$ cat query.cif   # mmCIF, C-alpha atoms, pLDDT in the B column; chains and numbers go by the auth columns
data_protein
loop_
_atom_site.group_PDB
_atom_site.id
_atom_site.type_symbol
_atom_site.label_atom_id
_atom_site.label_comp_id
_atom_site.label_asym_id
_atom_site.label_seq_id
_atom_site.Cartn_x
_atom_site.Cartn_y
_atom_site.Cartn_z
_atom_site.B_iso_or_equiv
_atom_site.auth_seq_id
_atom_site.auth_asym_id
ATOM 1 C CA ASP A 1 -0.835 25.722 -71.704 55.00 1 J
ATOM 2 C CA THR A 2 -1.140 29.167 -73.269 79.00 2 J
ATOM 3 C CA GLY A 3 -2.537 27.921 -76.563 95.00 3 J
ATOM 4 C CA VAL A 4 -1.719 29.169 -80.071 98.00 4 J
ATOM 5 C CA SER A 5 -1.301 32.938 -80.187 98.00 5 J
ATOM 6 C CA GLN A 6 -1.677 35.094 -83.295 98.00 6 J
ATOM 7 C CA ASP A 7 -0.879 38.747 -83.810 98.00 7 J
ATOM 8 C CA PRO A 8 -2.385 41.059 -84.881 98.00 8 J
ATOM 9 C CA ARG A 9 -6.025 40.005 -84.506 97.00 9 J
ATOM 10 C CA HIS A 10 -7.130 42.429 -87.177 98.00 10 J
ATOM 11 C CA LYS A 11 -5.299 44.144 -90.022 98.00 11 J
ATOM 12 C CA ILE A 12 -6.754 46.699 -92.407 98.00 12 J
ATOM 13 C CA THR A 13 -4.567 47.789 -95.285 97.00 13 J
ATOM 14 C CA LYS A 14 -4.752 49.290 -98.734 97.00 14 J
ATOM 15 C CA ARG A 15 -4.426 47.218 -101.861 97.00 15 J
ATOM 16 C CA GLY A 16 -0.789 46.875 -102.901 97.00 16 J
ATOM 17 C CA GLN A 17 0.666 47.073 -99.405 98.00 17 J
ATOM 18 C CA ASN A 18 2.666 44.311 -97.736 98.00 18 J
ATOM 19 C CA VAL A 19 1.458 42.711 -94.501 98.00 19 J
ATOM 20 C CA THR A 20 3.051 40.300 -92.037 98.00 20 J
ATOM 21 C CA PHE A 21 1.340 38.116 -89.459 98.00 21 J
ATOM 22 C CA ARG A 22 2.895 36.272 -86.543 98.00 22 J
ATOM 23 C CA CYS A 23 2.004 32.945 -84.936 98.00 23 J
ATOM 24 C CA ASP A 24 3.304 31.539 -81.660 98.00 24 J
ATOM 25 C CA PRO A 25 2.455 27.826 -81.405 97.00 25 J
ATOM 26 C CA ILE A 26 1.969 25.736 -78.276 96.00 26 J
ATOM 27 C CA SER A 27 5.492 25.446 -76.892 93.00 27 J
ATOM 28 C CA GLU A 28 6.074 21.705 -77.221 91.00 28 J
ATOM 29 C CA HIS A 29 4.510 21.449 -80.705 94.00 29 J
ATOM 30 C CA ASN A 30 6.981 20.886 -83.536 94.00 30 J
ATOM 31 C CA ARG A 31 4.451 21.156 -86.361 95.00 31 J
ATOM 32 C CA LEU A 32 2.949 24.479 -87.398 96.00 32 J
ATOM 33 C CA TYR A 33 0.315 25.063 -90.066 97.00 33 J
ATOM 34 C CA TRP A 34 -1.171 28.089 -91.802 98.00 34 J
ATOM 35 C CA TYR A 35 -4.729 28.047 -93.129 98.00 35 J
ATOM 36 C CA ARG A 36 -6.953 30.648 -94.766 98.00 36 J
ATOM 37 C CA GLN A 37 -10.680 30.928 -94.106 98.00 37 J
ATOM 38 C CA THR A 38 -13.115 33.010 -96.128 97.00 38 J
ATOM 39 C CA LEU A 39 -16.665 33.840 -95.076 93.00 39 J
ATOM 40 C CA GLY A 40 -18.948 30.818 -95.006 92.00 40 J
ATOM 41 C CA GLN A 41 -16.194 28.331 -95.760 95.00 41 J
ATOM 42 C CA GLY A 42 -14.030 25.932 -93.813 96.00 42 J
ATOM 43 C CA PRO A 43 -10.312 26.604 -93.337 97.00 43 J
ATOM 44 C CA GLU A 44 -8.124 25.868 -96.379 97.00 44 J
ATOM 45 C CA PHE A 45 -4.558 24.661 -95.969 96.00 45 J
ATOM 46 C CA LEU A 46 -1.740 26.978 -97.060 97.00 46 J
ATOM 47 C CA THR A 47 1.517 25.571 -95.718 96.00 47 J
ATOM 48 C CA TYR A 48 3.103 23.416 -93.002 94.00 48 J
ATOM 49 C CA PHE A 49 6.363 23.401 -91.042 96.00 49 J
ATOM 50 C CA GLN A 50 8.110 20.613 -89.186 94.00 50 J
ATOM 51 C CA ASN A 51 10.410 22.529 -86.847 94.00 51 J
ATOM 52 C CA GLU A 52 12.055 25.159 -89.116 95.00 52 J
ATOM 53 C CA ALA A 53 11.585 23.205 -92.365 94.00 53 J
ATOM 54 C CA GLN A 54 8.687 24.165 -94.641 94.00 54 J
ATOM 55 C CA LEU A 55 7.588 20.758 -95.900 92.00 55 J
ATOM 56 C CA GLU A 56 4.396 21.386 -97.827 90.00 56 J
ATOM 57 C CA LYS A 57 2.739 24.236 -99.699 92.00 57 J
ATOM 58 C CA SER A 58 -0.693 24.250 -101.282 91.00 58 J
ATOM 59 C CA ARG A 59 -1.512 25.710 -104.689 89.00 59 J
ATOM 60 C CA LEU A 60 -3.310 28.505 -102.811 87.00 60 J
ATOM 61 C CA LEU A 61 0.066 29.861 -101.707 89.00 61 J
ATOM 62 C CA SER A 62 0.904 32.167 -104.596 91.00 62 J
ATOM 63 C CA ASP A 63 4.309 33.746 -105.183 94.00 63 J
ATOM 64 C CA ARG A 64 3.164 36.786 -103.214 97.00 64 J
ATOM 65 C CA PHE A 65 2.942 34.700 -100.059 97.00 65 J
ATOM 66 C CA SER A 66 5.938 33.639 -98.008 97.00 66 J
ATOM 67 C CA ALA A 67 6.130 31.909 -94.655 97.00 67 J
ATOM 68 C CA GLU A 68 9.049 31.376 -92.344 97.00 68 J
ATOM 69 C CA ARG A 69 9.774 29.648 -89.068 97.00 69 J
ATOM 70 C CA PRO A 70 13.404 30.614 -88.535 92.00 70 J
ATOM 71 C CA LYS A 71 14.138 28.967 -85.204 88.00 71 J
ATOM 72 C CA GLY A 72 11.459 26.339 -85.195 88.00 72 J
ATOM 73 C CA SER A 73 9.346 28.290 -82.740 93.00 73 J
ATOM 74 C CA PHE A 74 7.191 31.230 -83.945 97.00 74 J
ATOM 75 C CA SER A 75 6.266 31.669 -87.585 98.00 75 J
ATOM 76 C CA THR A 76 5.505 34.625 -89.833 98.00 76 J
ATOM 77 C CA LEU A 77 3.317 34.789 -92.917 98.00 77 J
ATOM 78 C CA GLU A 78 3.948 37.690 -95.289 98.00 78 J
ATOM 79 C CA ILE A 79 1.727 38.759 -98.151 98.00 79 J
ATOM 80 C CA GLN A 80 3.268 41.130 -100.656 98.00 80 J
ATOM 81 C CA ARG A 81 1.339 43.480 -102.965 97.00 81 J
ATOM 82 C CA THR A 82 -1.980 42.610 -101.340 98.00 82 J
ATOM 83 C CA GLU A 83 -5.074 42.175 -103.525 97.00 83 J
ATOM 84 C CA GLN A 84 -8.791 42.370 -102.719 96.00 84 J
ATOM 85 C CA GLY A 85 -9.007 38.588 -102.899 95.00 85 J
ATOM 86 C CA ASP A 86 -6.546 38.271 -100.026 97.00 86 J
ATOM 87 C CA SER A 87 -9.212 39.455 -97.585 97.00 87 J
ATOM 88 C CA ALA A 88 -9.782 36.519 -95.259 97.00 88 J
ATOM 89 C CA MET A 89 -9.087 35.112 -91.811 98.00 89 J
ATOM 90 C CA TYR A 90 -5.571 33.672 -91.597 98.00 90 J
ATOM 91 C CA LEU A 91 -5.410 30.867 -89.057 98.00 91 J
ATOM 92 C CA CYS A 92 -2.400 29.209 -87.499 98.00 92 J
ATOM 93 C CA ALA A 93 -2.446 25.767 -85.906 97.00 93 J
ATOM 94 C CA SER A 94 0.117 23.569 -84.213 96.00 94 J
ATOM 95 C CA SER A 95 0.463 19.925 -83.280 95.00 95 J
ATOM 96 C CA LEU A 96 2.875 17.338 -81.970 92.00 96 J
ATOM 97 C CA ASP A 97 4.894 15.586 -84.657 81.00 97 J
ATOM 98 C CA THR A 98 4.233 11.905 -84.064 69.00 98 J
ATOM 99 C CA GLY A 99 1.769 10.399 -86.528 71.00 99 J
ATOM 100 C CA THR A 100 -1.556 12.157 -87.054 79.00 100 J
ATOM 101 C CA GLN A 101 -1.981 14.471 -84.093 87.00 101 J
ATOM 102 C CA PRO A 102 -4.771 16.892 -83.200 93.00 102 J
ATOM 103 C CA GLN A 103 -4.237 20.366 -84.587 96.00 103 J
ATOM 104 C CA HIS A 104 -4.964 23.248 -82.217 97.00 104 J
ATOM 105 C CA PHE A 105 -5.875 26.590 -83.734 98.00 105 J
ATOM 106 C CA GLY A 106 -5.301 30.183 -82.751 98.00 106 J
ATOM 107 C CA ASP A 107 -8.012 32.836 -83.072 98.00 107 J
ATOM 108 C CA GLY A 108 -6.626 34.064 -86.377 98.00 108 J
ATOM 109 C CA THR A 109 -5.743 37.359 -88.005 98.00 109 J
ATOM 110 C CA ARG A 110 -8.583 38.952 -89.956 98.00 110 J
ATOM 111 C CA LEU A 111 -7.204 40.784 -92.994 98.00 111 J
ATOM 112 C CA SER A 112 -9.288 43.418 -94.752 98.00 112 J
ATOM 113 C CA ILE A 113 -8.043 44.959 -97.994 97.00 113 J
ATOM 114 C CA LEU A 114 -9.464 48.386 -98.829 93.00 114 J
ATOM 115 C CA GLY B 1 -9.428 13.333 -105.086 46.00 1 N
ATOM 116 C CA GLU B 2 -9.544 14.442 -101.474 76.00 2 N
ATOM 117 C CA ASN B 3 -12.915 15.815 -100.484 89.00 3 N
ATOM 118 C CA VAL B 4 -15.024 16.206 -97.349 95.00 4 N
ATOM 119 C CA GLU B 5 -18.718 16.945 -97.696 97.00 5 N
ATOM 120 C CA GLN B 6 -20.790 18.120 -94.750 98.00 6 N
ATOM 121 C CA HIS B 7 -24.533 18.510 -94.258 97.00 7 N
ATOM 122 C CA PRO B 8 -26.757 20.151 -93.345 98.00 8 N
ATOM 123 C CA SER B 9 -25.360 23.643 -93.827 97.00 9 N
ATOM 124 C CA THR B 10 -27.765 25.038 -91.206 98.00 10 N
ATOM 125 C CA LEU B 11 -29.565 23.326 -88.346 98.00 11 N
ATOM 126 C CA SER B 12 -32.047 24.849 -85.914 98.00 12 N
ATOM 127 C CA VAL B 13 -33.177 22.966 -82.806 98.00 13 N
ATOM 128 C CA GLN B 14 -34.990 23.682 -79.583 98.00 14 N
ATOM 129 C CA GLU B 15 -33.040 23.604 -76.345 98.00 15 N
ATOM 130 C CA GLY B 16 -32.909 20.057 -75.030 98.00 16 N
ATOM 131 C CA ASP B 17 -33.269 18.431 -78.456 98.00 17 N
ATOM 132 C CA SER B 18 -30.519 16.431 -80.150 98.00 18 N
ATOM 133 C CA ALA B 19 -28.523 17.599 -83.158 98.00 19 N
ATOM 134 C CA VAL B 20 -26.781 15.431 -85.742 98.00 20 N
ATOM 135 C CA ILE B 21 -24.285 16.617 -88.358 98.00 21 N
ATOM 136 C CA LYS B 22 -22.959 14.245 -91.030 98.00 22 N
ATOM 137 C CA CYS B 23 -19.818 14.192 -93.148 98.00 23 N
ATOM 138 C CA THR B 24 -18.593 11.988 -95.949 97.00 24 N
ATOM 139 C CA TYR B 25 -15.010 11.650 -97.111 94.00 25 N
ATOM 140 C CA SER B 26 -13.442 10.365 -100.306 92.00 26 N
ATOM 141 C CA ASP B 27 -10.030 8.967 -99.290 89.00 27 N
ATOM 142 C CA SER B 28 -10.505 5.424 -98.027 88.00 28 N
ATOM 143 C CA ALA B 29 -7.053 5.586 -96.394 88.00 29 N
ATOM 144 C CA SER B 30 -8.142 8.369 -94.026 90.00 30 N
ATOM 145 C CA ASN B 31 -7.738 7.314 -90.410 90.00 31 N
ATOM 146 C CA TYR B 32 -8.428 10.409 -88.312 93.00 32 N
ATOM 147 C CA PHE B 33 -11.628 12.449 -88.083 95.00 33 N
ATOM 148 C CA PRO B 34 -11.790 15.557 -85.884 97.00 34 N
ATOM 149 C CA TRP B 35 -14.712 17.892 -85.222 98.00 35 N
ATOM 150 C CA TYR B 36 -14.237 21.583 -84.524 98.00 36 N
ATOM 151 C CA LYS B 37 -16.562 24.226 -83.062 98.00 37 N
ATOM 152 C CA GLN B 38 -16.064 27.817 -84.177 98.00 38 N
ATOM 153 C CA GLU B 39 -17.681 30.753 -82.420 97.00 39 N
ATOM 154 C CA LEU B 40 -17.889 34.218 -83.924 95.00 40 N
ATOM 155 C CA GLY B 41 -14.519 35.932 -84.046 93.00 41 N
ATOM 156 C CA LYS B 42 -12.680 32.877 -82.747 96.00 42 N
ATOM 157 C CA GLY B 43 -10.584 30.130 -84.251 97.00 43 N
ATOM 158 C CA PRO B 44 -11.841 26.540 -84.590 98.00 44 N
ATOM 159 C CA GLN B 45 -11.781 24.641 -81.290 98.00 45 N
ATOM 160 C CA LEU B 46 -11.271 20.884 -81.319 97.00 46 N
ATOM 161 C CA ILE B 47 -14.215 19.294 -79.485 98.00 47 N
ATOM 162 C CA ILE B 48 -13.849 15.600 -80.260 97.00 48 N
ATOM 163 C CA ASP B 49 -11.987 13.317 -82.633 96.00 49 N
ATOM 164 C CA ILE B 50 -12.037 9.674 -83.619 95.00 50 N
ATOM 165 C CA ARG B 51 -9.528 7.320 -85.193 92.00 51 N
ATOM 166 C CA SER B 52 -10.380 4.579 -87.637 86.00 52 N
ATOM 167 C CA ASN B 53 -9.836 1.731 -85.198 86.00 53 N
ATOM 168 C CA VAL B 54 -13.018 2.600 -83.266 87.00 54 N
ATOM 169 C CA GLY B 55 -16.603 3.056 -84.362 91.00 55 N
ATOM 170 C CA GLU B 56 -17.854 5.463 -81.698 95.00 56 N
ATOM 171 C CA LYS B 57 -16.482 7.857 -79.098 95.00 57 N
ATOM 172 C CA LYS B 58 -18.380 9.836 -76.467 97.00 58 N
ATOM 173 C CA ASP B 59 -17.510 12.811 -74.306 96.00 59 N
ATOM 174 C CA GLN B 60 -20.381 13.913 -72.070 97.00 60 N
ATOM 175 C CA ARG B 61 -23.086 15.336 -74.383 98.00 61 N
ATOM 176 C CA ILE B 62 -21.167 14.903 -77.623 98.00 62 N
ATOM 177 C CA ALA B 63 -20.391 11.735 -79.547 98.00 63 N
ATOM 178 C CA VAL B 64 -18.900 10.862 -82.896 98.00 64 N
ATOM 179 C CA THR B 65 -19.659 7.743 -84.924 97.00 65 N
ATOM 180 C CA LEU B 66 -17.619 6.406 -87.826 96.00 66 N
ATOM 181 C CA ASN B 67 -18.663 4.073 -90.644 95.00 67 N
ATOM 182 C CA LYS B 68 -15.507 3.260 -92.617 93.00 68 N
ATOM 183 C CA THR B 69 -17.333 1.079 -95.129 93.00 69 N
ATOM 184 C CA ALA B 70 -19.656 3.897 -96.121 93.00 70 N
ATOM 185 C CA LYS B 71 -16.924 6.527 -95.576 94.00 71 N
ATOM 186 C CA HIS B 72 -18.993 8.756 -93.355 94.00 72 N
ATOM 187 C CA PHE B 73 -18.823 10.046 -89.799 97.00 73 N
ATOM 188 C CA SER B 74 -21.303 11.981 -87.700 98.00 74 N
ATOM 189 C CA LEU B 75 -21.369 14.347 -84.731 98.00 75 N
ATOM 190 C CA HIS B 76 -24.159 13.881 -82.227 98.00 76 N
ATOM 191 C CA ILE B 77 -24.994 16.511 -79.601 98.00 77 N
ATOM 192 C CA THR B 78 -27.588 15.568 -77.006 98.00 78 N
ATOM 193 C CA GLU B 79 -29.516 17.854 -74.639 98.00 79 N
ATOM 194 C CA THR B 80 -28.530 20.900 -76.661 98.00 80 N
ATOM 195 C CA GLN B 81 -28.046 24.229 -74.890 98.00 81 N
ATOM 196 C CA PRO B 82 -27.970 27.796 -76.267 97.00 82 N
ATOM 197 C CA GLU B 83 -24.194 27.864 -75.791 97.00 83 N
ATOM 198 C CA ASP B 84 -23.900 25.030 -78.307 98.00 84 N
ATOM 199 C CA SER B 85 -24.884 27.558 -80.999 98.00 85 N
ATOM 200 C CA ALA B 86 -21.864 27.911 -83.307 98.00 86 N
ATOM 201 C CA VAL B 87 -20.460 26.706 -86.622 98.00 87 N
ATOM 202 C CA TYR B 88 -19.271 23.100 -86.576 98.00 88 N
ATOM 203 C CA PHE B 89 -16.685 21.708 -88.991 98.00 89 N
ATOM 204 C CA CYS B 90 -15.689 18.155 -89.723 98.00 90 N
ATOM 205 C CA ALA B 91 -12.251 17.411 -91.179 96.00 91 N
ATOM 206 C CA SER B 92 -10.041 14.637 -92.427 94.00 92 N
ATOM 207 C CA PRO B 93 -6.313 14.517 -93.244 91.00 93 N
ATOM 208 C CA ASN B 94 -5.043 14.913 -96.792 89.00 94 N
ATOM 209 C CA GLN B 95 -3.279 12.001 -98.451 86.00 95 N
ATOM 210 C CA ALA B 96 0.064 13.062 -97.019 84.00 96 N
ATOM 211 C CA GLY B 97 -1.456 12.960 -93.533 82.00 97 N
ATOM 212 C CA THR B 98 -0.362 16.520 -92.833 83.00 98 N
ATOM 213 C CA ALA B 99 -2.982 19.126 -93.607 91.00 99 N
ATOM 214 C CA LEU B 100 -6.637 18.837 -92.665 94.00 100 N
ATOM 215 C CA ILE B 101 -9.353 19.085 -95.303 95.00 101 N
ATOM 216 C CA PHE B 102 -12.447 20.715 -93.837 97.00 102 N
ATOM 217 C CA GLY B 103 -16.102 20.484 -94.676 97.00 103 N
ATOM 218 C CA LYS B 104 -17.996 23.699 -95.389 96.00 104 N
ATOM 219 C CA GLY B 105 -19.460 23.875 -91.919 98.00 105 N
ATOM 220 C CA THR B 106 -22.857 23.599 -90.237 98.00 106 N
ATOM 221 C CA THR B 107 -24.368 26.586 -88.463 98.00 107 N
ATOM 222 C CA LEU B 108 -26.191 25.227 -85.416 98.00 108 N
ATOM 223 C CA SER B 109 -28.740 27.453 -83.709 98.00 109 N
ATOM 224 C CA VAL B 110 -30.213 26.345 -80.384 98.00 110 N
ATOM 225 C CA SER B 111 -33.219 28.370 -79.273 97.00 111 N
ATOM 226 C CA SER B 112 -34.448 28.449 -75.693 92.00 112 N
#
$ encode --input "query.cif" --output "structure tokens"
Amino acid sequence: DTGVSQDPRHKITKRGQNVTFRCDPISEHNRLYWYRQTLGQGPEFLTYFQNEAQLEKSRLLSDRFSAERPKGSFSTLEIQRTEQGDSAMYLCASSLDTGTQPQHFGDGTRLSIL
Amino acid sequence: GENVEQHPSTLSVQEGDSAVIKCTYSDSASNYFPWYKQELGKGPQLIIDIRSNVGEKKDQRIAVTLNKTAKHFSLHITETQPEDSAVYFCASPNQAGTALIFGKGTTLSVSS
């Protein structure tokens, strides 16, 4: 079990630039989640995939954010025209798809906007 | 609405003492309650979870208790060690049963 893998671990970019993060879930997990975590807070849900279908998005996911999971395996999260308020840790989690299953998290991508 | 409240926000104990962290939730239909440990620079790590059909679950030095009537659940760590120092989060599923709603975390410091 290699766990959930996220890349890159850190990203520093200037305001207005686009960034893309990648998540590789645990291989047998059909569900994949993206969360955002700011300093001193718990993770906040952004979006969720069941295989390649994006089934739920939170109000936190503005139009500048887009997520994909094209083949039902890895996922990407893109942020366009980054803003200072986008600075956060972006966490990916995965789980099995039967009922309520434990979610296992990666170590996240820390985004810093200059 | 869906809400998970966690307290205390910080907790300092001496090595060997016990630590207790409490959470309350608002959705009476919630049936799954995980606890995560997060170390600096790492993602949250699932340490124990409980489902609504049981009142207590233990795994070595950690235990979780659930009171569905009062809508609260607690994490108990016995014989604390310095390596238990971390931020602990409780969580509960949203109404759709998909995403987790997290508490704001408890920073546990264990001094030797």
$ closest_atom_pairs --input "query.cif" --of "chain J" --to "chain N" --cutoff "6 Å" --atoms "only C-alpha atoms" --output "CSV"
residue,atom,partner,partner_atom,distance
J:Gln41,CA,N:Lys104,CA,5.0
J:Gly42,CA,N:Lys104,CA,4.8
J:Phe105,CA,N:Gly43,CA,5.9
J:Gly106,CA,N:Gly43,CA,5.5
J:Asp107,CA,N:Gly43,CA,3.9
J:Gly108,CA,N:Gly43,CA,6.0
$ residues_around --input "query.cif" --residues "Arg64 (chain J)" --least-positions-apart "3" --cutoff "7 Å" --atoms "only C-alpha atoms" --output "ChimeraX atom specification"
/J:79-81
$ resolve_selection --input "query.cif" --expression "the PyMOL selection byres ((chain J and resi 46) around 12)" --output "ChimeraX atom specification"
/J:32-37,43-45,47-49,54-62,65-67,77,90-93 /N:98-101
$ resolve_selection --input "query.cif" --expression "the PyMOL selection byres ((chain J and resi 20) around 6)" --output "tab-separated table (two decimals) with C-alpha atoms, keeping the file's coordinate frame"
chain	number	residue	atom	x	y	z
J	19	VAL	CA	1.46	42.71	-94.50
J	21	PHE	CA	1.34	38.12	-89.46
J	77	LEU	CA	3.32	34.79	-92.92
J	78	GLU	CA	3.95	37.69	-95.29
$ atom_distance --input "query.cif" --atom1 "CA of Ile113 (chain J)" --atom2 "CA of Gly85 (chain J)"
8.1 Å
$ residues_around --input "query.cif" --residues "region 13-15 of chain J" --least-positions-apart "4" --cutoff "6 Å" --atoms "all atoms listed in the file" --output "NGL selection string"
:J and (82-83 or 113-114)
$ resolve_selection --input "query.cif" --expression "the PyMOL selection byres ((chain N and resi 111) around 8)" --output "ChimeraX atom specification"
/N:12-15,81-82,109-110,112
$ write_last_selection --input "query.cif" --atoms "C-alpha atoms" --output "PDB file, in the frame of the given file"
ATOM      1  CA  SER N  12     -32.047  24.849 -85.914  1.00 98.00           C
ATOM      2  CA  VAL N  13     -33.177  22.966 -82.806  1.00 98.00           C
ATOM      3  CA  GLN N  14     -34.990  23.682 -79.583  1.00 98.00           C
ATOM      4  CA  GLU N  15     -33.040  23.604 -76.345  1.00 98.00           C
ATOM      5  CA  GLN N  81     -28.046  24.229 -74.890  1.00 98.00           C
ATOM      6  CA  PRO N  82     -27.970  27.796 -76.267  1.00 97.00           C
ATOM      7  CA  SER N 109     -28.740  27.453 -83.709  1.00 98.00           C
ATOM      8  CA  VAL N 110     -30.213  26.345 -80.384  1.00 98.00           C
ATOM      9  CA  SER N 112     -34.448  28.449 -75.693  1.00 92.00           C
TER      10      SER N 112
END
$ atom_distance --input "query.cif" --atom1 "CA of Gln101 (chain J)" --atom2 "CA of Lys58 (chain N)"
18.7 Å
$ atom_distance --input "query.cif" --atom1 "CA of Gln50 (chain J)" --atom2 "CA of Ser75 (chain J)"
11.3 Å
$ closest_residue --input "query.cif" --among "J:Gln84, J:Thr109, J:Thr38, J:Asn30" --to "Pro8 (chain J)" --atoms "only C-alpha atoms"
J:Thr109
$ residues_around --input "query.cif" --residues "Lys71 (chain J)" --least-positions-apart "3" --cutoff "10 Å" --atoms "all atoms listed in the file" --output "PyMOL selection string"
chain J and resi 51-53+68+74-75
$ axis_aligned_box --input "query.cif" --around "region 95-98 of chain N" --padding-each-side "5 Å" --output "AutoDock Vina command-line options"
--center_x -1.6 --center_y 14.3 --center_z -95.6 --size_x 13.3 --size_y 14.5 --size_z 15.6
$ closest_residue --input "query.cif" --among "N:His72, N:Lys37, N:Thr78, N:Gly55" --to "Val20 (chain N)" --atoms "only C-alpha atoms"
N:Thr78
$ closest_residue --input "query.cif" --among "J:Arg22, J:Ser5, J:Arg31, J:Gly16" --to "Gln103 (chain J)" --atoms "all atoms listed in the file"
J:Arg31
$ closest_residue --input "query.cif" --among "N:Ser85, N:Leu108, N:Gln95, N:Thr24" --to "Asn67 (chain N)" --atoms "only C-alpha atoms"
N:Thr24
$ residues_near_point --input "query.cif" --point "(-7.8, 1.4, -96.9)" --cutoff "12 Å" --atoms "all atoms listed in the file" --output "PyMOL selection string"
chain N and resi 26-31+52-53+68-69+71+95
$ residues_near_point --input "query.cif" --point "(10.2, 14.3, -80.8)" --cutoff "10 Å" --atoms "only C-alpha atoms" --output "PDB file with C-alpha atoms, in the frame of the given file"
ATOM      1  CA  GLU J  28       6.074  21.705 -77.221  1.00 91.00           C
ATOM      2  CA  HIS J  29       4.510  21.449 -80.705  1.00 94.00           C
ATOM      3  CA  ASN J  30       6.981  20.886 -83.536  1.00 94.00           C
ATOM      4  CA  LEU J  96       2.875  17.338 -81.970  1.00 92.00           C
ATOM      5  CA  ASP J  97       4.894  15.586 -84.657  1.00 81.00           C
ATOM      6  CA  THR J  98       4.233  11.905 -84.064  1.00 69.00           C
TER       7      THR J  98
END
$ build_atoms --input "query.cif" --residues "region 109-114 of chain J" --atoms "all heavy atoms" --output "mmCIF file, in the frame of the given file"
data_model
loop_
_atom_site.group_PDB
_atom_site.id
_atom_site.type_symbol
_atom_site.label_atom_id
_atom_site.label_comp_id
_atom_site.auth_asym_id
_atom_site.auth_seq_id
_atom_site.Cartn_x
_atom_site.Cartn_y
_atom_site.Cartn_z
ATOM 1 N N THR J 109 -5.893 35.947 -87.653
ATOM 2 C CA THR J 109 -5.743 37.359 -88.005
ATOM 3 C C THR J 109 -6.718 37.639 -89.137
ATOM 4 O O THR J 109 -6.648 36.985 -90.186
ATOM 5 C CB THR J 109 -4.319 37.679 -88.490
ATOM 6 O OG1 THR J 109 -3.407 37.507 -87.410
ATOM 7 C CG2 THR J 109 -4.239 39.113 -88.999
ATOM 8 N N ARG J 110 -7.623 38.594 -88.900
ATOM 9 C CA ARG J 110 -8.583 38.952 -89.956
ATOM 10 C C ARG J 110 -7.982 40.074 -90.787
ATOM 11 O O ARG J 110 -7.692 41.151 -90.264
ATOM 12 C CB ARG J 110 -9.921 39.377 -89.377
ATOM 13 C CG ARG J 110 -10.905 39.769 -90.476
ATOM 14 C CD ARG J 110 -12.337 39.815 -90.008
ATOM 15 N NE ARG J 110 -12.860 38.521 -89.608
ATOM 16 C CZ ARG J 110 -13.240 37.570 -90.435
ATOM 17 N NH1 ARG J 110 -13.120 37.733 -91.731
ATOM 18 N NH2 ARG J 110 -13.731 36.438 -89.965
ATOM 19 N N LEU J 111 -7.792 39.810 -92.074
ATOM 20 C CA LEU J 111 -7.204 40.784 -92.994
ATOM 21 C C LEU J 111 -8.302 41.394 -93.865
ATOM 22 O O LEU J 111 -9.056 40.652 -94.508
ATOM 23 C CB LEU J 111 -6.152 40.117 -93.877
ATOM 24 C CG LEU J 111 -5.544 40.983 -94.985
ATOM 25 C CD1 LEU J 111 -4.769 42.153 -94.399
ATOM 26 C CD2 LEU J 111 -4.659 40.149 -95.900
ATOM 27 N N SER J 112 -8.345 42.702 -93.884
ATOM 28 C CA SER J 112 -9.288 43.418 -94.752
ATOM 29 C C SER J 112 -8.493 44.312 -95.679
ATOM 30 O O SER J 112 -7.678 45.119 -95.220
ATOM 31 C CB SER J 112 -10.261 44.259 -93.924
ATOM 32 O OG SER J 112 -11.038 43.434 -93.080
ATOM 33 N N ILE J 113 -8.744 44.164 -96.979
ATOM 34 C CA ILE J 113 -8.043 44.959 -97.994
ATOM 35 C C ILE J 113 -8.999 46.027 -98.507
ATOM 36 O O ILE J 113 -10.088 45.706 -99.014
ATOM 37 C CB ILE J 113 -7.566 44.085 -99.162
ATOM 38 C CG1 ILE J 113 -6.738 42.903 -98.654
ATOM 39 C CG2 ILE J 113 -6.767 44.931 -100.157
ATOM 40 C CD1 ILE J 113 -5.465 43.278 -97.951
ATOM 41 N N LEU J 114 -8.594 47.279 -98.381
ATOM 42 C CA LEU J 114 -9.464 48.386 -98.829
ATOM 43 C C LEU J 114 -9.298 48.631 -100.320
ATOM 44 O O LEU J 114 -8.219 48.404 -100.891
ATOM 45 C CB LEU J 114 -9.135 49.651 -98.046
ATOM 46 C CG LEU J 114 -9.315 49.538 -96.524
ATOM 47 C CD1 LEU J 114 -8.902 50.830 -95.863
ATOM 48 C CD2 LEU J 114 -10.753 49.179 -96.180
#
